[in-house]
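Enquirer: Got structure28.cif for you, mmCIF, C-alpha atoms:
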```
data_model
loop_
_atom_site.label_atom_id
_atom_site.label_comp_id
_atom_site.auth_asym_id
_atom_site.auth_seq_id
_atom_site.Cartn_x
_atom_site.Cartn_y
_atom_site.Cartn_z
CA MET D 1 32.04 -36.60 107.38
CA THR D 2 34.93 -36.46 104.91
CA GLY D 3 35.64 -40.12 105.70
CA LEU D 4 32.12 -41.19 104.74
CA LEU D 5 32.40 -39.14 101.56
CA VAL D 6 35.61 -40.99 100.64
CA LEU D 7 33.93 -44.36 101.28
CA LEU D 8 30.94 -43.43 99.13
CA PHE D 9 33.21 -42.15 96.38
CA PHE D 10 35.09 -45.46 96.20
CA LEU D 11 31.86 -47.45 96.51
CA ILE D 12 30.34 -45.62 93.56
CA ALA D 13 33.55 -45.96 91.55
CA GLY D 14 33.51 -49.71 92.29
CA ASN D 15 29.87 -50.04 91.27
CA LEU D 16 30.47 -48.12 88.04
CA LEU D 17 33.45 -50.29 87.11
CA GLN D 18 31.49 -53.43 87.97
CA SER D 19 28.52 -52.53 85.79
CA SER D 20 30.43 -51.03 82.85
CA PHE D 21 32.72 -54.04 82.49
CA ALA D 22 30.18 -56.62 83.76
CA LEU D 23 32.77 -57.87 86.28
CA PRO D 24 31.82 -60.89 88.41
CA ILE D 25 33.28 -59.29 91.58
CA PRO D 26 30.81 -57.19 93.64
CA GLY D 27 31.12 -53.40 93.26
CA SER D 28 31.80 -52.84 96.97
CA ILE D 29 34.76 -55.25 96.83
CA ILE D 30 36.16 -53.43 93.79
CA GLY D 31 35.67 -50.19 95.73
CA MET D 32 37.59 -51.66 98.65
CA LEU D 33 40.47 -52.74 96.42
CA LEU D 34 40.57 -49.27 94.83
CA LEU D 35 40.71 -47.68 98.27
CA LEU D 36 43.49 -50.09 99.26
CA VAL D 37 45.53 -49.08 96.19
CA PHE D 38 44.86 -45.42 97.02
CA LEU D 39 46.12 -45.94 100.60
CA MET D 40 49.23 -47.77 99.38
CA ILE D 41 50.07 -44.98 96.96
CA ARG D 42 49.40 -42.34 99.60
CA GLY D 43 51.50 -44.24 102.14
CA ARG D 44 49.32 -43.60 105.19
CA THR D 45 45.68 -43.62 106.33
CA PRO D 46 44.07 -40.14 106.33
CA GLU D 47 42.70 -39.07 109.73
CA SER D 48 39.15 -38.81 108.32
CA LEU D 49 39.23 -42.48 107.28
CA SER D 50 40.51 -43.79 110.63
CA GLN D 51 37.83 -41.67 112.27
CA ILE D 52 34.92 -43.09 110.23
CA SER D 53 36.38 -46.57 110.62
CA LYS D 54 36.34 -46.21 114.42
CA THR D 55 32.75 -44.92 114.31
CA LEU D 56 31.29 -47.50 111.94
CA SER D 57 33.16 -50.70 112.89
CA PRO D 58 31.23 -51.38 116.13
CA LEU D 59 27.97 -50.91 114.21
CA LEU D 60 28.88 -53.38 111.49
CA PRO D 61 26.76 -56.26 112.85
CA LEU D 62 23.72 -53.94 112.99
CA PHE D 63 23.89 -53.31 109.25
CA ILE D 64 23.85 -57.04 108.57
CA ILE D 65 20.74 -57.80 110.62
CA PRO D 66 18.11 -56.77 107.99
CA VAL D 67 19.35 -59.06 105.21
CA SER D 68 19.95 -61.86 107.75
CA VAL D 69 16.35 -61.65 108.93
CA GLY D 70 15.52 -62.89 105.42
CA ILE D 71 16.11 -66.31 106.97
CA VAL D 72 12.37 -66.23 107.82
CA THR D 73 11.69 -66.69 104.10
CA GLN D 74 13.75 -69.93 104.06
CA LYS D 75 11.85 -71.97 106.65
CA GLU D 76 11.04 -74.93 104.38
CA LEU D 77 14.60 -75.22 103.18
CA LEU D 78 15.88 -75.18 106.76
CA ALA D 79 13.30 -77.67 108.01
CA GLU D 80 14.37 -80.06 105.27
CA ASN D 81 18.15 -79.60 105.43
CA GLY D 82 18.86 -77.94 108.78
CA ILE D 83 20.62 -80.89 110.44
CA ALA D 84 22.71 -81.69 107.37
CA LEU D 85 23.78 -78.04 107.13
CA LEU D 86 24.80 -77.90 110.80
CA VAL D 87 26.84 -81.11 110.46
CA ILE D 88 28.55 -79.82 107.29
CA MET D 89 29.47 -76.54 108.96
CA ALA D 90 30.86 -78.23 112.08
CA VAL D 91 32.81 -80.96 110.24
CA SER D 92 34.33 -78.72 107.56
CA ILE D 93 36.04 -76.51 110.17
CA VAL D 94 38.34 -79.32 111.38
CA PRO D 95 40.49 -79.97 108.25
CA GLY D 96 40.70 -76.23 107.47
CA ALA D 97 41.81 -75.35 111.00
CA ILE D 98 44.47 -78.06 111.05
CA VAL D 99 45.90 -77.11 107.63
CA CYS D 100 45.99 -73.47 108.63
CA ALA D 101 47.60 -73.97 112.04
CA ALA D 102 50.06 -76.56 110.70
CA ILE D 103 51.35 -74.16 108.05
CA MET D 104 51.86 -71.51 110.74
CA LYS D 105 53.79 -74.01 112.86
CA ILE D 106 55.87 -76.03 110.38
CA GLY D 107 59.60 -75.46 110.60
CA ARG D 108 59.74 -73.42 113.77
CA LYS D 109 59.69 -74.35 117.41
CA ASN D 110 57.78 -71.56 119.05
CA SER D 111 56.72 -68.26 117.55
CA ALA D 112 55.62 -66.66 120.81
CA GLU D 113 58.19 -63.95 121.16
CA MET M 1 -3.35 -48.05 115.13
CA LEU M 2 -1.18 -51.12 115.78
CA ASN M 3 -1.60 -52.14 112.18
CA GLU M 4 -0.46 -48.70 111.07
CA LEU M 5 2.61 -48.95 113.28
CA LEU M 6 3.48 -52.38 111.88
CA HIS M 7 3.44 -50.98 108.36
CA MET M 8 5.62 -48.01 109.20
CA PRO M 9 9.13 -48.52 107.74
CA LEU M 10 10.72 -46.41 110.45
CA PHE M 11 9.26 -48.67 113.13
CA TRP M 12 11.15 -51.65 111.69
CA ALA M 13 14.38 -49.69 111.47
CA MET M 14 13.94 -48.74 115.12
CA LEU M 15 13.08 -52.30 116.14
CA THR M 16 16.23 -53.60 114.42
CA ILE M 17 18.40 -51.13 116.32
CA ALA M 18 16.60 -52.04 119.56
CA ALA M 19 17.12 -55.77 118.93
CA PHE M 20 20.84 -55.21 118.33
CA THR M 21 21.14 -53.14 121.52
CA VAL M 22 19.42 -55.91 123.49
CA GLY M 23 21.82 -58.38 121.85
CA GLN M 24 24.81 -56.35 123.03
CA HIS M 25 23.50 -56.27 126.60
CA VAL M 26 22.77 -60.01 126.63
CA TYR M 27 26.26 -60.68 125.26
CA ARG M 28 27.85 -58.64 128.05
CA LEU M 29 25.61 -60.14 130.74
CA LEU M 30 26.59 -63.66 129.71
CA GLY M 31 30.29 -62.81 129.92
CA ASN M 32 30.87 -62.42 126.15
CA THR M 33 29.90 -66.01 125.38
CA ALA M 34 30.73 -67.22 121.88
CA PHE M 35 27.34 -68.96 121.83
CA LEU M 36 25.37 -65.75 121.50
CA PRO M 37 27.04 -62.93 119.55
CA PRO M 38 24.88 -59.73 119.53
CA ILE M 39 24.07 -60.13 115.85
CA LEU M 40 22.55 -63.58 116.46
CA THR M 41 20.32 -62.30 119.28
CA GLY M 42 19.32 -59.36 117.08
CA ILE M 43 18.34 -61.61 114.17
CA ILE M 44 16.38 -63.98 116.41
CA LEU M 45 14.48 -61.14 118.11
CA VAL M 46 13.48 -59.44 114.85
CA SER M 47 12.48 -62.79 113.30
CA VAL M 48 10.32 -63.63 116.31
CA VAL M 49 8.56 -60.25 116.12
CA LEU M 50 7.90 -60.84 112.40
CA GLU M 51 6.49 -64.31 113.12
CA VAL M 52 4.26 -63.07 115.94
CA THR M 53 2.89 -60.05 114.05
CA GLY M 54 2.60 -61.91 110.74
CA ILE M 55 4.41 -59.12 108.90
CA ASN M 56 6.23 -60.41 105.82
CA PHE M 57 9.89 -59.87 105.04
CA ASP M 58 9.29 -57.37 102.21
CA THR M 59 7.34 -55.06 104.50
CA TYR M 60 10.07 -55.37 107.12
CA MET M 61 12.73 -54.58 104.55
CA GLU M 62 11.10 -51.25 103.67
CA GLY M 63 12.47 -50.14 107.03
CA GLY M 64 15.42 -52.54 107.17
CA GLN M 65 16.84 -51.11 103.96
CA TYR M 66 17.87 -47.92 105.76
CA LEU M 67 20.39 -49.96 107.72
CA HIS M 68 21.13 -52.37 104.87
CA LEU M 69 22.21 -49.39 102.75
CA MET M 70 25.30 -48.96 104.96
CA LEU M 71 26.66 -52.39 104.03
CA GLY M 72 28.33 -51.03 100.87
CA PRO M 73 30.40 -48.29 102.55
CA VAL M 74 31.27 -50.68 105.38
CA VAL M 75 32.70 -53.24 102.94
CA VAL M 76 34.78 -50.49 101.27
CA MET M 77 35.98 -49.50 104.75
CA LEU M 78 37.68 -52.90 105.19
CA ALA M 79 40.51 -51.45 103.08
CA VAL M 80 41.62 -49.46 106.15
CA PRO M 81 42.51 -52.42 108.41
CA LEU M 82 43.71 -54.38 105.36
CA TYR M 83 46.23 -51.64 104.55
CA GLN M 84 47.56 -51.77 108.12
CA PHE M 85 47.86 -55.59 108.04
CA ILE M 86 49.89 -55.51 104.85
CA HIS M 87 52.64 -53.80 106.89
CA VAL M 88 52.39 -56.34 109.71
CA MET M 89 52.65 -59.36 107.43
CA LYS M 90 55.67 -58.19 105.40
CA LYS M 91 58.08 -60.28 107.46
CA GLU M 92 56.15 -63.52 107.12
CA TRP M 93 54.06 -62.90 104.05
CA LEU M 94 54.69 -66.26 102.40
CA ARG M 95 53.80 -68.34 105.43
CA ILE M 96 50.75 -66.20 106.19
CA SER M 97 49.50 -66.21 102.60
CA LEU M 98 49.86 -69.98 102.37
CA ALA M 99 48.14 -70.57 105.71
CA ILE M 100 45.26 -68.30 104.79
CA SER M 101 44.71 -69.47 101.23
CA LEU M 102 45.19 -73.21 101.84
CA GLY M 103 43.44 -73.21 105.22
CA SER M 104 40.38 -71.33 104.04
CA GLY M 105 40.41 -73.20 100.73
CA THR M 106 40.34 -76.53 102.57
CA THR M 107 37.44 -75.71 104.85
CA VAL M 108 35.37 -74.25 101.99
CA ALA M 109 36.16 -77.14 99.63
CA VAL M 110 35.16 -79.72 102.24
CA ALA M 111 31.92 -77.85 102.98
CA VAL M 112 31.02 -77.36 99.30
CA VAL M 113 31.69 -80.98 98.38
CA MET M 114 29.72 -82.23 101.39
CA ALA M 115 26.79 -79.92 100.58
CA HIS M 116 26.82 -80.99 96.94
CA LEU M 117 26.86 -84.71 97.70
CA TRP M 118 24.53 -84.63 100.67
CA ILE M 119 21.97 -81.96 99.76
CA GLY M 120 22.56 -81.43 96.05
CA ASN M 121 20.74 -78.10 95.83
CA ASP M 122 22.80 -75.62 93.78
CA PRO M 123 21.79 -72.37 95.53
CA ILE M 124 22.70 -74.01 98.87
CA THR M 125 26.06 -75.20 97.52
CA MET M 126 26.81 -71.74 96.14
CA THR M 127 25.84 -70.14 99.41
CA MET M 128 27.96 -72.62 101.38
CA SER M 129 31.05 -71.44 99.48
CA THR M 130 30.89 -68.07 101.25
CA LYS M 131 30.74 -69.55 104.76
CA SER M 132 34.26 -68.52 105.79
CA VAL M 133 33.94 -64.92 104.67
CA THR M 134 32.99 -62.19 107.11
CA THR M 135 29.22 -61.52 106.92
CA PRO M 136 29.04 -58.19 105.01
CA VAL M 137 31.24 -59.62 102.28
CA ALA M 138 29.51 -63.02 102.29
CA VAL M 139 26.10 -61.45 101.78
CA THR M 140 27.37 -59.35 98.88
CA VAL M 141 29.28 -62.18 97.20
CA SER M 142 26.54 -64.79 97.55
CA GLU M 143 24.12 -62.45 95.77
CA GLN M 144 26.63 -62.25 92.94
CA LEU M 145 27.02 -66.06 92.81
CA GLY M 146 23.31 -66.83 92.67
CA GLY M 147 23.24 -68.02 96.25
CA ILE M 148 20.75 -66.95 98.92
CA SER M 149 22.04 -63.94 100.84
CA ALA M 150 19.88 -64.54 103.92
CA LEU M 151 21.25 -68.08 104.15
CA ALA M 152 24.81 -66.84 103.58
CA SER M 153 24.52 -64.73 106.68
CA ALA M 154 23.16 -67.67 108.71
CA PHE M 155 25.96 -69.97 107.49
CA VAL M 156 28.63 -67.42 108.32
CA ILE M 157 27.30 -66.74 111.80
CA ILE M 158 26.84 -70.42 112.66
CA THR M 159 30.29 -71.24 111.26
CA GLY M 160 31.69 -68.44 113.41
CA VAL M 161 30.01 -69.76 116.55
CA PHE M 162 31.19 -73.33 115.87
CA GLY M 163 34.69 -72.17 115.00
CA ALA M 164 35.07 -70.00 118.08
CA LEU M 165 33.99 -72.91 120.26
CA MET M 166 35.83 -75.75 118.49
CA ILE M 167 39.14 -74.27 117.34
CA PRO M 168 40.88 -73.51 120.68
CA PRO M 169 40.38 -77.04 122.13
CA LEU M 170 41.02 -78.64 118.71
CA LEU M 171 44.38 -76.90 118.17
CA LYS M 172 45.39 -77.58 121.77
CA SER M 173 44.71 -81.28 121.33
CA VAL M 174 46.97 -81.49 118.24
CA ARG M 175 49.57 -79.15 119.83
CA LEU M 176 49.32 -76.48 117.15
CA ASP M 177 48.20 -73.85 119.61
CA ASP M 178 50.94 -71.21 119.58
CA PRO M 179 49.49 -67.67 119.62
CA LYS M 180 50.05 -66.83 115.94
CA ALA M 181 48.65 -70.14 114.69
CA MET M 182 45.66 -69.88 117.03
CA GLY M 183 44.86 -66.29 116.01
CA LEU M 184 45.28 -66.88 112.33
CA THR M 185 43.16 -70.04 112.38
CA LEU M 186 40.36 -68.34 114.32
CA GLY M 187 40.31 -65.52 111.75
CA VAL M 188 40.37 -67.85 108.75
CA CYS M 189 37.73 -70.31 109.97
CA ALA M 190 35.57 -68.23 112.29
CA HIS M 191 36.02 -64.62 110.98
CA ALA M 192 34.57 -61.90 113.24
CA ILE M 193 33.17 -64.22 115.90
CA GLY M 194 36.50 -66.06 116.03
CA THR M 195 38.23 -62.70 116.31
CA SER M 196 36.18 -61.78 119.40
CA ARG M 197 37.30 -65.11 120.87
CA ALA M 198 40.91 -64.34 119.89
CA ILE M 199 40.72 -60.97 121.66
CA GLU M 200 40.02 -62.87 124.89
CA LEU M 201 43.04 -65.11 124.32
CA GLY M 202 45.59 -62.32 123.92
CA ASN M 203 46.95 -59.43 121.84
CA GLN M 204 48.92 -61.47 119.36
CA GLN M 205 46.02 -63.84 118.78
CA ALA M 206 43.71 -60.86 118.26
CA ALA M 207 45.97 -59.12 115.74
CA TYR M 208 46.54 -62.29 113.70
CA SER M 209 42.85 -63.17 113.78
CA ALA M 210 41.71 -59.75 112.56
CA MET M 211 44.33 -59.84 109.82
CA ALA M 212 43.36 -63.36 108.75
CA MET M 213 39.68 -62.52 108.70
CA THR M 214 40.18 -59.49 106.45
CA LEU M 215 42.59 -61.24 104.10
CA THR M 216 40.35 -64.33 103.82
CA ALA M 217 37.33 -62.17 103.00
CA THR M 218 39.22 -60.26 100.31
CA LEU M 219 40.75 -63.37 98.78
CA HIS M 220 37.43 -65.21 98.65
CA ALA M 221 35.46 -62.23 97.36
CA VAL M 222 37.86 -61.95 94.44
CA MET M 223 38.31 -65.69 93.76
CA LEU M 224 34.87 -67.24 94.36
CA PRO M 225 33.07 -65.53 91.45
CA TRP M 226 35.60 -67.10 89.03
CA ILE M 227 35.71 -70.57 90.63
CA MET M 228 32.08 -71.28 91.52
#
```
As structure tokens, what does this structure read like?
Expert:
Amino acid sequence: MTGLLVLLFFLIAGNLLQSSFALPIPGSIIGMLLLLVFLMIRGRTPESLSQISKTLSPLLPLFIIPVSVGIVTQKELLAENGIALLVIMAVSIVPGAIVCAAIMKIGRKNSAE
Amino acid sequence: MLNELLHMPLFWAMLTIAAFTVGQHVYRLLGNTAFLPPILTGIILVSVVLEVTGINFDTYMEGGQYLHLMLGPVVVMLAVPLYQFIHVMKKEWLRISLAISLGSGTTVAVAVVMAHLWIGNDPITMTMSTKSVTTPVAVTVSEQLGGISALASAFVIITGVFGALMIPPLLKSVRLDDPKAMGLTLGVCAHAIGTSRAIELGNQQAAYSAMAMTLTATLHAVMLPWIM
């Protein structure tokens, strides 16, 4: 439970910072960055945090289902642009993947060690 | 009585969990196919039930919000793997940072420009910019940008499915398929769904993919609100 408490503490801190300074970055992301800084200062991950992380990670997709079901409110938009959107998503992967893999490969023969 | 049940928030929370569980079983039965990640099955099942019963999304969300509430803590939790990856990438931080920022920047820029020219609808363009970010972050960021969070999730999942299917043969055909490059690219372009594919390819691919996915999500969550 301590792990969840830590997560909520940083989430609330992130939300407070976001709203008091009207930051464009979402509160949960600010909370994550704060937690990252905390972990770096502390130098290791507390047991309670690794525990909650192990418990919650497999459930992550479940928490995303409700907002994703909102797709039912976008039927017209999808009927009109569905094909274009699919083509854009498929095509845009190719240049990104090649840039990314090329940078990982440039200047070395084989990194599989 | 049926009508009462369909307006009970707890029923919809239960149905969502049931749909996800079915999704996990289907995924396993089909040999972990990239075509049908559990989340996609879950979304389809719940949407079908809503269509059939004629219940609107707001009524559904009265129950769905119980699960949705956990999205915030789960995003904060990403700091845990991120902290571990920072140690891993020390040795090659420059190469990895360049690959992640330029690779993800390229795919997003191409998608945003295409969406702008072809569809020309601002909320869609905004939403498209979050397509390479892992879903919990994409949903949160697209709300902030004035995009459509439900669409953000759809874009991310479809991008993940396409990426997981296309990237391994694509990189093989251009001979850029060493394990680190493959893992990193799957994480950058196909986030969590790419990472499940990377896990099947090997340990090194899996580690690099998970790292790339987390770093891409963080980078984009911080940068997109200023750029878009």
Enquirer: Using all atoms listed in the file, determine which residues lie at most 10 Å from Glu62 in chain M, disregarding the query and same-chain residues fewer than 3 positions distant; provide the list as a count of residues only.
Expert: 13
Enquirer: Residues of chain D within 7 Å of chain M, counting only C-alpha atoms, what are they? List them as JSON, numbers by chain.
Expert: {"D": [7, 8, 11, 24, 25, 26, 28, 29, 31, 32, 33, 35, 36, 39, 53, 61, 62, 63, 64, 65, 66, 67, 68, 69, 70, 71, 72, 88, 89, 90, 92, 93, 95, 96, 97, 99, 100, 101, 102, 103, 104, 105, 110, 111, 112]}
Enquirer: Can you measure CA of Ser50 in chain D to CA of Gly27 in chain D for me? One decimal in Å is fine.
Expert: 22.0 Å
Enquirer: Would you compute the distance between CA of Thr134 in chain M and CA of Leu56 in chain D? Give it in Å to one decimal.
Expert: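 So the answer is 15.6 Å.
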Enquirer: For CA of Ile83 in chain D and CA of Leu219 in chain M, quote the distance in Å rounded to one decimal.
Expert: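 Here the two named atoms are 29.1 Å from each other.
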Enquirer: Please write as an mmCIF file with C-alpha atoms, keeping the file's coordinate frame the full residue list that the PyMOL selection byres ((chain M and resi 199) around 12) yields on this file.
Expert:
```cif
data_model
loop_
_atom_site.group_PDB
_atom_site.id
_atom_site.type_symbol
_atom_site.label_atom_id
_atom_site.label_comp_id
_atom_site.auth_asym_id
_atom_site.auth_seq_id
_atom_site.Cartn_x
_atom_site.Cartn_y
_atom_site.Cartn_z
ATOM 1 C CA ASN M 32 30.870 -62.420 126.150
ATOM 2 C CA ALA M 34 30.730 -67.220 121.880
ATOM 3 C CA ALA M 164 35.070 -70.000 118.080
ATOM 4 C CA PRO M 179 49.490 -67.670 119.620
ATOM 5 C CA MET M 182 45.660 -69.880 117.030
ATOM 6 C CA GLY M 183 44.860 -66.290 116.010
ATOM 7 C CA LEU M 184 45.280 -66.880 112.330
ATOM 8 C CA LEU M 186 40.360 -68.340 114.320
ATOM 9 C CA GLY M 187 40.310 -65.520 111.750
ATOM 10 C CA ALA M 192 34.570 -61.900 113.240
ATOM 11 C CA ILE M 193 33.170 -64.220 115.900
ATOM 12 C CA GLY M 194 36.500 -66.060 116.030
ATOM 13 C CA THR M 195 38.230 -62.700 116.310
ATOM 14 C CA SER M 196 36.180 -61.780 119.400
ATOM 15 C CA ARG M 197 37.300 -65.110 120.870
ATOM 16 C CA ALA M 198 40.910 -64.340 119.890
ATOM 17 C CA GLU M 200 40.020 -62.870 124.890
ATOM 18 C CA LEU M 201 43.040 -65.110 124.320
ATOM 19 C CA GLY M 202 45.590 -62.320 123.920
ATOM 20 C CA ASN M 203 46.950 -59.430 121.840
ATOM 21 C CA GLN M 204 48.920 -61.470 119.360
ATOM 22 C CA GLN M 205 46.020 -63.840 118.780
ATOM 23 C CA ALA M 206 43.710 -60.860 118.260
ATOM 24 C CA ALA M 207 45.970 -59.120 115.740
ATOM 25 C CA TYR M 208 46.540 -62.290 113.700
ATOM 26 C CA SER M 209 42.850 -63.170 113.780
ATOM 27 C CA ALA M 210 41.710 -59.750 112.560
#
```
Enquirer: Using only C-alpha atoms, which residue out of M:Pro169, M:Ala212, M:Asp122, M:Ile227 lies closest to Val94 in chain D?
Expert: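 Nearest candidate to Val94 in chain D out of M:Pro169, M:Ala212, M:Asp122, M:Ile227: M:Pro169.
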